[in-house]
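Colleague: If it helps, the file is called entry.cif and holds mmCIF, C-alpha atoms:
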data_upload
#
loop_
_atom_site.label_atom_id
_atom_site.label_comp_id
_atom_site.auth_asym_id
_atom_site.auth_seq_id
_atom_site.Cartn_x
_atom_site.Cartn_y
_atom_site.Cartn_z
CA MET X 1 116.04 128.45 123.03
CA SER X 2 114.19 125.62 121.29
CA GLU X 3 114.53 125.04 117.59
CA ARG X 4 111.34 125.72 115.64
CA ARG X 5 110.80 123.87 112.39
CA GLU X 6 108.63 125.10 109.58
CA HIS X 7 107.91 121.59 108.24
CA ARG X 8 106.96 118.44 110.15
CA ARG X 9 109.61 115.73 109.85
CA HIS X 10 108.72 112.07 109.30
CA GLU X 11 111.07 109.21 110.11
CA VAL X 12 111.04 107.25 106.87
CA TRP X 13 113.85 105.11 105.46
CA PHE X 14 114.29 104.86 101.69
CA PRO X 15 117.19 104.94 99.22
CA VAL X 16 118.27 108.32 97.85
CA GLU X 17 120.37 108.87 94.73
CA VAL X 18 122.63 111.89 94.97
CA ASP X 19 124.05 113.49 91.84
CA VAL X 20 127.82 113.89 92.20
CA GLU X 21 130.53 115.03 89.78
CA ASP X 22 131.32 111.57 88.46
CA GLY X 23 127.82 110.06 88.49
CA ARG X 24 125.52 109.16 91.33
CA ALA X 25 126.04 108.10 94.92
CA ILE X 26 123.57 106.25 97.12
CA ALA X 27 122.41 107.53 100.50
CA VAL X 28 119.60 106.50 102.87
CA SER X 29 117.00 108.87 104.29
CA TYR X 30 116.62 109.17 108.06
CA ASP X 31 113.72 111.55 107.90
CA VAL X 32 111.98 113.75 105.37
CA SER X 33 109.65 116.72 105.34
CA SER X 34 108.23 118.94 102.65
CA GLY X 35 111.17 121.26 103.33
CA GLY X 36 114.14 118.89 103.37
CA MET X 37 115.67 115.63 104.51
CA LEU X 38 118.29 114.10 106.74
CA MET X 39 120.21 111.29 105.09
CA ALA X 40 123.06 108.93 105.85
CA ALA X 41 125.87 108.86 103.29
CA GLY X 42 129.23 107.20 102.83
CA GLY X 43 130.99 110.47 102.00
CA SER X 44 130.95 114.00 103.23
CA VAL X 45 130.44 117.32 101.46
CA ASP X 46 130.89 120.90 102.63
CA VAL X 47 128.06 122.80 104.23
CA GLY X 48 126.56 125.01 101.54
CA THR X 49 127.06 122.44 98.77
CA GLU X 50 124.17 122.33 96.31
CA LEU X 51 122.92 118.82 95.58
CA THR X 52 120.24 117.20 93.47
CA VAL X 53 118.63 114.11 94.99
CA SER X 54 116.23 111.58 93.49
CA PHE X 55 114.02 109.32 95.59
CA ARG X 56 110.67 107.59 95.99
CA VAL X 57 108.97 107.91 99.36
CA VAL X 58 106.83 104.87 98.53
CA ARG X 59 108.01 102.04 96.29
CA ASP X 60 105.46 102.50 93.50
CA GLY X 61 105.09 106.24 94.01
CA PRO X 62 106.38 109.01 91.82
CA GLU X 63 110.11 109.65 91.71
CA LYS X 64 111.00 113.01 93.21
CA ARG X 65 114.00 114.88 91.81
CA VAL X 66 114.75 117.81 94.07
CA LYS X 67 117.52 120.39 94.34
CA GLY X 68 118.72 121.57 97.72
CA ARG X 69 121.58 122.84 99.83
CA VAL X 70 123.48 121.04 102.60
CA ILE X 71 123.01 122.89 105.89
CA ARG X 72 124.66 120.42 108.30
CA VAL X 73 127.17 117.56 108.15
CA GLU X 74 128.09 115.35 111.10
CA ARG X 75 129.64 111.96 111.80
CA ASN X 76 127.06 109.18 112.04
CA PRO X 77 127.51 107.32 115.34
CA ALA X 78 124.98 104.68 114.22
CA SER X 79 127.21 103.52 111.33
CA VAL X 80 128.39 100.15 112.60
CA ASP X 81 130.07 99.00 109.39
CA ASN X 82 131.38 102.45 108.42
CA ARG X 83 129.29 102.39 105.23
CA TRP X 84 127.08 105.35 106.21
CA ARG X 85 129.73 107.44 107.98
CA TYR X 86 128.01 110.84 107.69
CA LYS X 87 124.65 112.46 108.23
CA LEU X 88 123.80 115.22 105.76
CA ALA X 89 120.94 117.65 106.35
CA LEU X 90 119.55 119.03 103.11
CA VAL X 91 117.07 121.90 102.78
CA PHE X 92 115.11 121.84 99.52
CA ASP X 93 115.25 124.91 97.27
CA GLU X 94 111.45 124.72 96.92
CA PRO X 95 109.02 123.09 99.40
CA GLN X 96 107.62 119.74 98.27
CA PRO X 97 104.13 119.65 99.89
CA GLU X 98 103.16 116.39 98.15
CA ILE X 99 105.67 114.55 100.36
CA GLU X 100 103.19 114.84 103.27
CA ALA X 101 100.53 112.86 101.35
CA LEU X 102 103.08 110.23 100.29
CA VAL X 103 104.24 109.70 103.88
CA LYS X 104 100.63 109.47 105.11
CA SER X 105 99.93 106.78 102.48
CA LEU X 106 102.48 104.57 104.26
CA GLY X 107 100.01 104.19 107.10
#
Re-express the file's structure as structure tokens.
Modeller:
Amino acid sequence: MSERREHRRHEVWFPVEVDVEDGRAIAVSYDVSSGGMLMAAGGSVDVGTELTVSFRVVRDGPEKRVKGRVIRVERNPASVDNRWRYKLALVFDEPQPEIEALVKSLG
């Protein structure tokens, strides 16, 4: 059975700040949609963990601050220096339809 996604994903790399108990951690997006994102991170969290992330899809664009829930965690085979050891899939609590326009503005 093929997986059907509700939101179109876009491969876009940008820094993501993740709120954690003792401050903020940095991650990097792999892809983003209006419904969530896949990001590379140095640390792991449990599936089901609620996170708040802050990011800009485009450098001079608006900062998005979005709450979501981790739905998948896996080792990142692309992490050559072990800095981005995990991939975290996050589904947003509320869809963010304006992300589509921001991604399209990248060309």
Colleague: For each of X:Arg8, X:Arg75, X:Arg83, X:Lys67, take the minimum atom-to-atom distance to Val53 in chain X, counting only C-alpha atoms, then give the residue where this is smallest.
Modeller: X:Lys67
Colleague: Using Å and a single decimal, report how far CA of Glu98 in chain X sits from CA of Glu74 in chain X.
Modeller: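 Taking CA of Glu74 in chain X as the start and CA of Glu98 in chain X as the end point, the length is 28.1 Å.
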Colleague: CA of Ala41 in chain X and CA of Ala27 in chain X, how far apart in Å?
Modeller: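 Those two atoms sit 4.6 Å apart.
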Colleague: Using only C-alpha atoms for the distances, tell me which of X:Pro77, X:Pro95, X:Pro15, X:Gly107 is nearest to Ser34 in chain X.
Modeller: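 Once distances to Ser34 in chain X are computed over only C-alpha atoms, the minimum belongs to X:Pro95.
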Colleague: Given the file shown, determine the residues that the PyMOL selection byres ((chain X and resi 70) around 12) selects; report them as a list in words.
Modeller: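 Evaluating the PyMOL selection byres ((chain X and resi 70) around 12) on these coordinates yields Val18, Gly36, Met37, Leu38, Met39, Ser44, Val45, Asp46, Val47, Gly48, Thr49, Glu50, Leu51, Thr52, Val53, Lys67, Gly68, Arg69, Ile71, Arg72, Val73, Glu74, Lys87, Leu88, Ala89, Leu90, Val91, Phe92 and Asp93 of chain X.
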Colleague: Those same residues - C-alpha atoms - I'd like them written as an mmCIF file, keeping the file's coordinate frame.
Modeller:
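Writing the result to part06.cif gives the following:
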data_model
loop_
_atom_site.group_PDB
_atom_site.id
_atom_site.type_symbol
_atom_site.label_atom_id
_atom_site.label_comp_id
_atom_site.auth_asym_id
_atom_site.auth_seq_id
_atom_site.Cartn_x
_atom_site.Cartn_y
_atom_site.Cartn_z
ATOM 1 C CA VAL X 18 122.630 111.890 94.970
ATOM 2 C CA GLY X 36 114.140 118.890 103.370
ATOM 3 C CA MET X 37 115.670 115.630 104.510
ATOM 4 C CA LEU X 38 118.290 114.100 106.740
ATOM 5 C CA MET X 39 120.210 111.290 105.090
ATOM 6 C CA SER X 44 130.950 114.000 103.230
ATOM 7 C CA VAL X 45 130.440 117.320 101.460
ATOM 8 C CA ASP X 46 130.890 120.900 102.630
ATOM 9 C CA VAL X 47 128.060 122.800 104.230
ATOM 10 C CA GLY X 48 126.560 125.010 101.540
ATOM 11 C CA THR X 49 127.060 122.440 98.770
ATOM 12 C CA GLU X 50 124.170 122.330 96.310
ATOM 13 C CA LEU X 51 122.920 118.820 95.580
ATOM 14 C CA THR X 52 120.240 117.200 93.470
ATOM 15 C CA VAL X 53 118.630 114.110 94.990
ATOM 16 C CA LYS X 67 117.520 120.390 94.340
ATOM 17 C CA GLY X 68 118.720 121.570 97.720
ATOM 18 C CA ARG X 69 121.580 122.840 99.830
ATOM 19 C CA ILE X 71 123.010 122.890 105.890
ATOM 20 C CA ARG X 72 124.660 120.420 108.300
ATOM 21 C CA VAL X 73 127.170 117.560 108.150
ATOM 22 C CA GLU X 74 128.090 115.350 111.100
ATOM 23 C CA LYS X 87 124.650 112.460 108.230
ATOM 24 C CA LEU X 88 123.800 115.220 105.760
ATOM 25 C CA ALA X 89 120.940 117.650 106.350
ATOM 26 C CA LEU X 90 119.550 119.030 103.110
ATOM 27 C CA VAL X 91 117.070 121.900 102.780
ATOM 28 C CA PHE X 92 115.110 121.840 99.520
ATOM 29 C CA ASP X 93 115.250 124.910 97.270
#
Colleague: Using only C-alpha atoms, list the residues that have an atom at most 12 Å from (100.9, 120.0, 102.7), coordinates as in the file, as a PyMOL selection string.
Modeller: chain X and resi 6-8+33-35+95-104
Colleague: Please list as number ranges by chain every residue within 6 Å of Arg85 in chain X, counting only C-alpha atoms and excluding residues in the same chain fewer than 6 positions away.
Modeller: X: 42, 75-76, 79
Colleague: May I ask for the distance between CA of Val58 in chain X and CA of Ala40 in chain X, given in Å to one decimal place?
Modeller: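 Here the two named atoms are 18.3 Å from each other.
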Colleague: With all atoms listed in the file as the atoms that count, which of X:Asp60, X:Gly43, X:Tyr30, X:Glu17 lies nearest to Ala78 in chain X?
Modeller: X:Tyr30
Colleague: For a quick check of understanding, using only C-alpha atoms, which of X:Lys64, X:His10, X:Arg59, X:Trp84 has the smallest distance to Ile26 in chain X?
Modeller: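 Between X:Lys64, X:His10, X:Arg59, X:Trp84, the residue approaching Ile26 in chain X most closely is X:Trp84.
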Colleague: Kindly compute an axis-aligned box around the listed atoms of range 74-90 of chain X, allowing 5 Å on each side, and express its centre and edge lengths in Å to one decimal as lines of an AutoDock Vina configuration file.
Modeller:
center_x = 125.5
center_y = 109.0
center_z = 109.2
size_x = 21.8
size_y = 30.0
size_z = 22.2
